[in-house]
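The structure under discussion appears below in the form of structure tokens.
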Amino acid sequence: MDLARRGRSIAVSGFLLGGAVGIIASTQTWLTVQRADAGADIFVPGASALPLLAPLSLAVLALGAALSLTGSVLRLIFGALAGAVAILMGWSTLQLLLSSPVSAVASTVTDATGIAGAAGLADVIGAIVPTAWPVIALVGWAILLIAAVVVVLTGRTWKSGGRRYRTDAGAARVAEGPVDAVDSWDDLSRGTDPTR
């Protein structure tokens, strides 16, 4: 089975997996703040480190669910959107891993200690240590990016079950063969019955 024939399952699976990884990662600890004053460590979840993580992951899940129900033009648009999300979130996650900014933990540290302001935070933060979850999220964004590329390359060729109908001279409906049920909305005007 070539890539064009496998494209739909690869793409949908990639979208759902990438979105699910993002949702799960948003609830997990991404950064551990070690305090300079010997207080208890402060744990920063993904949703606080990257505020767009949860909503964009939900959007990716929705795009993955919609891929099997839309026409080829929308599939290409969804693929491009998902690719943009993967690049944006991947870049943001990589920046966190390479250099954890104080701004990513400021609100969580303030909530835990009541201390705000750059000077106060500098006094209380000893070190910011990333956990494994940003790396897991990066893998999820890489999978999503691959799936988005597959959608763009193969989205017009996806086929599924169903029957194609034509109207003969006597206005009787005659089965012609398989129909691309994924594109059934596009084909309604050309004699397709997507319910059979």
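Residues are referred to by chain and number: the chain letter is A, B, ... according to the order shown in the structure tokens, the number counts from 1 in that chain, and ligands are numbered separately from 1 in the order shown.
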**Request:** Check the DSSP output for the backbone and give back, as an MDAnalysis selection string, the residues of region 3-180 of chain A in alpha helix (DSSP H).
**Result:** chainID A and resid 3:26 46:49 53:66 72:98 106:113 118:124 133:154
**Prompt:** What's the 8 Å shell around Val105 (chain A), counting only C-alpha atoms, without same-chain residues fewer than 2 positions away, as a PyMOL selection string?
**Reply:** chain A and resi 31+33+44+48-49+101-103+107-109
**Prompt:** Which is closer to Val151 (chain A) than all the others in A:Ala36, A:Leu53, A:Ala11, A:Leu61, using only C-alpha atoms?
**Reply:**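 Ranked by minimum distance to Val151 (chain A), first place goes to A:Ala11.
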**Nearest candidate to Ala142 (chain A) (options A:Leu50, A:Leu96, A:Leu67, A:Leu88; using only C-alpha atoms)** =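 Going through A:Leu50, A:Leu96, A:Leu67, A:Leu88 one by one, the smallest distance to Ala142 (chain A) is for A:Leu88.
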**Item:** Which of A:Ala86, A:Ala40, A:Leu58, A:Ile143 sits closest to Ile23 (chain A) [using only C-alpha atoms]
**Value:**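 So, comparing all the options, the nearest one is A:Leu58.
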**Message:** Restricting the calculation to only C-alpha atoms: of A:Ala112, A:Ala104, A:Ile24, A:Leu16, which residue gets closest to Ala59 (chain A)?
**Reply:**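 With only C-alpha atoms as the atom set, the closest residue is A:Leu16.
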**Asked** Taking into account only C-alpha atoms, which residue in the set A:Gly19, A:Phe78, A:Leu94, A:Thr110 is nearest to Ala66 (chain A)?
**Response** A:Phe78
**Prompt:** What does the distance from CA of Leu121 (chain A) to CA of Trp30 (chain A) come to in Å, to one decimal?
**Reply:**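 Going from CA of Leu121 (chain A) over to CA of Trp30 (chain A), I get 18.6 Å.
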**Item:** For Ile146 (chain A): contacts at 12 Å, only C-alpha atoms, fewer than 3 positions along chain excluded, given as JSON, numbers by chain
**Value:** {"A": [7, 10, 11, 12, 13, 14, 15, 17, 18, 79, 80, 82, 83, 84, 86, 87, 139, 140, 141, 142, 143, 149, 150, 151, 152, 153]}
Next, write the just-selected residues to a file, as a compact mmCIF listing (two decimals), in the first residue's frame, keeping N, CA and C atoms as the atom set.
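New file selection-v3.txt:
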# COMPACT_ATOMS: atom_id res chain seq x y z
N GLY A 7 -2.34 7.56 3.48
CA GLY A 7 -2.27 8.92 3.98
C GLY A 7 -3.31 9.26 5.02
N ILE A 10 -2.54 7.59 8.45
CA ILE A 10 -1.33 8.20 9.01
C ILE A 10 -1.63 9.60 9.53
N ALA A 11 -2.34 10.38 8.74
CA ALA A 11 -2.60 11.77 9.09
C ALA A 11 -3.53 11.89 10.30
N VAL A 12 -4.65 11.17 10.26
CA VAL A 12 -5.60 11.25 11.37
C VAL A 12 -4.95 10.77 12.66
N SER A 13 -4.22 9.65 12.58
CA SER A 13 -3.54 9.14 13.78
C SER A 13 -2.53 10.14 14.30
N GLY A 14 -1.78 10.79 13.40
CA GLY A 14 -0.78 11.78 13.82
C GLY A 14 -1.41 12.98 14.48
N PHE A 15 -2.53 13.46 13.91
CA PHE A 15 -3.22 14.61 14.50
C PHE A 15 -3.73 14.27 15.90
N LEU A 17 -2.76 11.85 17.93
CA LEU A 17 -1.66 11.59 18.87
C LEU A 17 -0.99 12.88 19.28
N GLY A 18 -0.71 13.77 18.32
CA GLY A 18 -0.08 15.04 18.65
C GLY A 18 -0.94 15.88 19.58
N GLY A 79 -4.41 20.83 7.13
CA GLY A 79 -3.02 20.37 7.17
C GLY A 79 -2.06 21.53 7.35
N ALA A 80 -2.31 22.62 6.62
CA ALA A 80 -1.45 23.80 6.74
C ALA A 80 -1.54 24.41 8.13
N ALA A 82 -2.35 22.85 10.96
CA ALA A 82 -1.69 21.96 11.91
C ALA A 82 -0.17 22.07 11.81
N GLY A 83 0.34 22.22 10.58
CA GLY A 83 1.77 22.41 10.43
C GLY A 83 2.25 23.68 11.10
N ALA A 84 1.47 24.75 10.97
CA ALA A 84 1.82 26.02 11.61
C ALA A 84 1.82 25.87 13.14
N ALA A 86 2.30 23.08 14.83
CA ALA A 86 3.44 22.24 15.21
C ALA A 86 4.74 23.04 15.24
N ILE A 87 4.94 23.89 14.25
CA ILE A 87 6.16 24.70 14.21
C ILE A 87 6.19 25.71 15.34
N VAL A 139 8.33 15.69 20.84
CA VAL A 139 8.09 14.50 20.02
C VAL A 139 6.67 14.55 19.45
N GLY A 140 5.70 14.95 20.29
CA GLY A 140 4.32 15.07 19.83
C GLY A 140 4.18 16.09 18.72
N TRP A 141 4.87 17.23 18.83
CA TRP A 141 4.80 18.25 17.78
C TRP A 141 5.48 17.77 16.51
N ALA A 142 6.55 16.96 16.64
CA ALA A 142 7.21 16.41 15.46
C ALA A 142 6.28 15.45 14.72
N ILE A 143 5.57 14.61 15.48
CA ILE A 143 4.60 13.69 14.88
C ILE A 143 3.50 14.47 14.17
N VAL A 149 2.26 17.32 6.99
CA VAL A 149 2.88 17.21 5.67
C VAL A 149 2.20 16.11 4.85
N VAL A 150 1.88 14.99 5.50
CA VAL A 150 1.19 13.90 4.81
C VAL A 150 -0.17 14.37 4.29
N VAL A 151 -0.89 15.16 5.10
CA VAL A 151 -2.19 15.69 4.66
C VAL A 151 -2.02 16.54 3.40
N VAL A 152 -1.04 17.44 3.43
CA VAL A 152 -0.83 18.34 2.30
C VAL A 152 -0.45 17.56 1.03
N LEU A 153 0.35 16.49 1.20
CA LEU A 153 0.82 15.73 0.05
C LEU A 153 -0.21 14.74 -0.50
**Prompt:** In Å to one decimal, how far is CA of Thr29 (chain A) from CA of Ala132 (chain A)?
**Reply:**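 Separating CA of Ala132 (chain A) from CA of Thr29 (chain A) is a distance of 8.7 Å.
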**Request:** Any chance you could list, as a list in words, the residues in region 9-186 of chain A that come up strand (DSSP E) when DSSP is run on the backbone?
**Result:**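 Those residues are Thr29, Trp30, Leu31, Thr32, Val33, Gln34, Arg35, Ile42, Phe43, Val44, Pro45, Ile125, Gly126, Ala127, Ile128, Val129, Pro130, Arg164, Tyr165, Arg166, Thr167, Arg173, Val174, Ala175, Glu176 and Gly177 of chain A.
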**Asked** Counting only C-alpha atoms, what is within 9 Å of Arg156 (chain A), bar same-chain residues fewer than 5 positions away, as a count of residues only?
**Response** 7
